[in-house]
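Beneath this line is the structure, given in structure tokens, with notes to follow.
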Amino acid sequence: MTVHPFPDGFLWGAATAGHQVEGNNTNSDTWFAEHVEPTVFMDVSGDACDSYNRWEEDVDLAASLGLNAYRFSVEWARVEPEEGLFDDDELGHYEGIVDRCRELGLSPIVTFNHFTAPHWFAMRGGWLDPDAPALFARYCRVVADRFGDRIGFAVTLNEPNITRMLTWMDLPPFVRELEAATLEACNVHAGVPRYRLSNVMLPEEIEEFAEGMEAGHRAGKAAIKEVCPDLPVGLSIAVMDDRVVGDDSSVRDRKRVECYGRWLGLAREDDFVGVQNYEAIPYDGAGEVKPDPGVPLNSMGSAIDPTSLAGAVRYVHDEAGVPIMVTEHGLCHEDDSLRVGFIPPAIAGLREVMDEGVPVIGYMHWSLLDNFEWIFGYSKHYGIVAVDRSTFERTPKPSAAVYSAIVRANGAEG
Ligand code: BGC
């Protein structure tokens with residue numbers, strides 16, 4: 001348990017993402033892919049948590065826990081539903097969230113692209129389109145122009161490395177087949193040769209996607225900086241705590257180069273880097289070492305390990321050298337008592353890394369709400385607040401109180 005406070009001004013927040021909570025993101029690529037046949041998505045997002053209408057309640061909820069930051073995303077598909085046509089009302093919608101956060105003392109941490117993109121963008125091939133970086137930059141400039149002066153931190157892209165990281169996980173072969181079939185169904189329904197999304201990807205296109213997204217980050221950041229030179233801009237990276245068992249680190253090291261190398265190199269030029277961690281995975285010279293039988297697992301199948309956050313943050317700082325924002329960290333499980341036991345030691349571990357000299361700006365718990373967990377639909381739960389799927393009533397779980405107590409004590413033992 002943490003015994004001494006975090007630095008003054010440390011940002012304590014919770015995170016959400018537009019498509020996962022808003023509902024009816026009908027002009028987006030993901031909405032389209034959810035509705036084709038076959039589809040890899042287990043559920044359609046539908047009304048999600050109805051946060052498009054209930055966002056004020058969500059922001060109030062974050063403030064009521066004593067948080068001083070809220071991470072959310074702007075949905076590009078709402079702001080630019082047709083190529084080149086920007087919707088003033090939708091910009092006003094997000095501006096309202098930003099302003100309300102500030103009124104309540106929450107620093108708005110805004111993700112400009114949390115996986116989902118407009119349908120028209122996917123029809124052009126998504127990040128494979130040579131014009132993608134410029135199109136993204138144009139959207140970033142419009143958003144920054146509208147309310148960039150009032151946000152705390154800008155995250156251009158969320159986890160551009162996630163699909164590469166998934167190639168290191170034991171997904172059943174049918175998932176890959178279903179992903180390819182989903183993209184093919186999208187091509188047919190949209191009447192284009194190459195409909196592409198950034199979180200359902202063909203393995204053979206991952207590298208080309210990464211190039212497009214790297215260029216997109218650079219262009220988006222430049223556009224934001226042109227409008228708001230002092231706004232800190234970075235990207236967020238999915239980072240496991242990859243460990244070595246025994247004395248052969250070759251597999252672990254190869255994984256690190258493949259999954260993070262490009263992005264950590266890129267982050268060196270940024271104001272901060274977002275770390276998103278959910279697990280620690282051990283590797284020996286032959287590959288991943290599976291957890292011993294009986295070890296408690298999260299609902300994604302990896303061992304529950306609160307020390308993973310510290311390891312991931314330490315590694316990212318060693319490689320990128322810039323300040324870190326924990327933009328996501330949490331536990332996927334039905335049983336909230338596991339989350340109650342997980343949050344305090346994870347935060348204590350983060351404090352220890354900071355004692356070693358690693359600059360950490362803030363910690364955003366994923367997630368404020370149980371929400372639409374992409375291809376898993378509504379079957380997986382990460383929230384510290386439960387959402388009734390028919391009434392949308394929000395009910396804080398015991399873990400929300402535990403996190404809130406830590407926040408109110410600024411990390412000190414509460
Ligand atoms: C993503 C979130 C997702 C979470 C849990 C991250 O990969 O940024 O959108 O819900 O992890 O899987």
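The chains in the structure tokens are called A, B, ... from first to last as shown; in each chain the residues are counted from 1, and the ligands are counted from 1 in the order shown.
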Find the residues near A:Gly84: any atom within 9 Å, counting only C-alpha atoms, skip ones fewer than 6 places away on the same chain, and give them as a ChimeraX atom specification. /A:135,138-139
Preceding selection exported with N, CA, C and O atoms as a compact mmCIF listing (two decimals), in the first residue's frame:
# COMPACT_ATOMS: atom_id res chain seq x y z
N LEU A 135 -5.71 13.98 -44.10
CA LEU A 135 -7.14 14.03 -43.72
C LEU A 135 -7.29 14.07 -42.21
O LEU A 135 -8.10 14.82 -41.67
N ARG A 138 -6.29 17.52 -40.90
CA ARG A 138 -7.32 18.55 -41.12
C ARG A 138 -8.38 18.49 -40.00
O ARG A 138 -8.77 19.52 -39.45
N TYR A 139 -8.78 17.27 -39.68
CA TYR A 139 -9.76 17.09 -38.58
C TYR A 139 -9.16 17.56 -37.24
O TYR A 139 -9.82 18.25 -36.46
Selection: 10 Å around A:Gly9, only C-alpha atoms, excl. self and same-chain fewer than 2 positions, as a ChimeraX atom specification: /A:6-7,11-12,68,361-362,410
Excluding same-chain residues fewer than 2 positions from A:Phe86, what lies within 12 Å of it counting only C-alpha atoms, as a PyMOL selection string? chain A and resi 75-84+88-92+118+138-143+146
One decimal place gives the atom CA of A:Val233-atom CA of A:Leu157 separation as 10.3 Å
Which residues, written as a PyMOL selection string, have at least one atom at most 12 Å from A:Leu104, with only C-alpha atoms counted and residues fewer than 5 positions away on the same chain left out? chain A and resi 56+58-70+97-99
Exercise answer, 8 Å around ligand 1 with only C-alpha atoms and all ligand atoms, as an mmCIF file with N, CA and C atoms, in the first residue's frame:
data_model
loop_
_atom_site.group_PDB
_atom_site.id
_atom_site.type_symbol
_atom_site.label_atom_id
_atom_site.label_comp_id
_atom_site.auth_asym_id
_atom_site.auth_seq_id
_atom_site.Cartn_x
_atom_site.Cartn_y
_atom_site.Cartn_z
ATOM 1 N N THR A 16 -12.703 6.942 -20.764
ATOM 2 C CA THR A 16 -13.721 6.320 -21.621
ATOM 3 C C THR A 16 -13.300 6.591 -23.070
ATOM 4 N N ALA A 17 -14.043 6.027 -24.008
ATOM 5 C CA ALA A 17 -13.813 6.344 -25.422
ATOM 6 C C ALA A 17 -15.177 6.454 -26.092
ATOM 7 N N GLN A 20 -17.304 3.526 -27.432
ATOM 8 C CA GLN A 20 -17.593 2.510 -26.421
ATOM 9 C C GLN A 20 -18.682 2.936 -25.442
ATOM 10 N N HIS A 114 -9.746 7.328 -31.144
ATOM 11 C CA HIS A 114 -9.704 6.113 -30.321
ATOM 12 C C HIS A 114 -10.238 4.954 -31.173
ATOM 13 N N PHE A 115 -9.420 4.479 -32.074
ATOM 14 C CA PHE A 115 -9.703 3.384 -33.013
ATOM 15 C C PHE A 115 -10.710 3.747 -34.106
ATOM 16 N N ASN A 158 -4.942 6.351 -30.267
ATOM 17 C CA ASN A 158 -4.990 5.366 -29.200
ATOM 18 C C ASN A 158 -4.438 4.027 -29.693
ATOM 19 N N GLU A 159 -3.407 3.560 -29.040
ATOM 20 C CA GLU A 159 -2.860 2.220 -29.277
ATOM 21 C C GLU A 159 -2.698 1.843 -30.755
ATOM 22 N N ILE A 162 -1.840 -1.918 -31.204
ATOM 23 C CA ILE A 162 -2.611 -3.023 -30.612
ATOM 24 C C ILE A 162 -2.702 -4.238 -31.527
ATOM 25 N N ALA A 238 -0.234 0.562 -26.199
ATOM 26 C CA ALA A 238 -0.552 -0.631 -25.399
ATOM 27 C C ALA A 238 0.775 -1.274 -25.002
ATOM 28 N N GLN A 276 -0.648 2.260 -21.629
ATOM 29 C CA GLN A 276 -1.900 1.535 -21.379
ATOM 30 C C GLN A 276 -1.548 0.090 -21.058
ATOM 31 N N TYR A 278 -2.429 -3.640 -19.027
ATOM 32 C CA TYR A 278 -3.420 -4.532 -18.412
ATOM 33 C C TYR A 278 -2.829 -5.835 -17.884
ATOM 34 N N GLU A 328 -4.373 4.450 -19.566
ATOM 35 C CA GLU A 328 -5.303 3.359 -19.255
ATOM 36 C C GLU A 328 -4.600 2.337 -18.375
ATOM 37 N N GLY A 330 -6.337 -1.126 -15.862
ATOM 38 C CA GLY A 330 -7.529 -1.618 -15.186
ATOM 39 C C GLY A 330 -7.586 -3.124 -15.219
ATOM 40 N N CYS A 332 -10.148 -6.524 -16.173
ATOM 41 C CA CYS A 332 -11.354 -7.053 -16.794
ATOM 42 C C CYS A 332 -11.866 -8.216 -15.954
ATOM 43 N N TRP A 366 -8.976 2.749 -16.464
ATOM 44 C CA TRP A 366 -9.912 2.230 -17.464
ATOM 45 C C TRP A 366 -10.750 1.159 -16.801
ATOM 46 N N SER A 367 -12.030 1.370 -16.667
ATOM 47 C CA SER A 367 -12.736 2.476 -17.272
ATOM 48 C C SER A 367 -13.687 3.072 -16.239
ATOM 49 N N ASN A 371 -18.592 -0.891 -20.496
ATOM 50 C CA ASN A 371 -18.949 -0.342 -21.811
ATOM 51 C C ASN A 371 -18.809 -1.365 -22.933
ATOM 52 N N PHE A 372 -18.871 -0.880 -24.163
ATOM 53 C CA PHE A 372 -18.807 -1.738 -25.353
ATOM 54 C C PHE A 372 -17.354 -2.142 -25.593
ATOM 55 N N GLU A 373 -17.040 -3.390 -25.302
ATOM 56 C CA GLU A 373 -15.653 -3.842 -25.365
ATOM 57 C C GLU A 373 -15.363 -4.438 -26.753
ATOM 58 N N TRP A 374 -15.497 -3.619 -27.769
ATOM 59 C CA TRP A 374 -15.143 -3.953 -29.146
ATOM 60 C C TRP A 374 -15.693 -5.322 -29.564
ATOM 61 N N TYR A 382 -14.918 -3.760 -17.437
ATOM 62 C CA TYR A 382 -13.735 -3.084 -16.896
ATOM 63 C C TYR A 382 -14.116 -1.936 -15.960
#
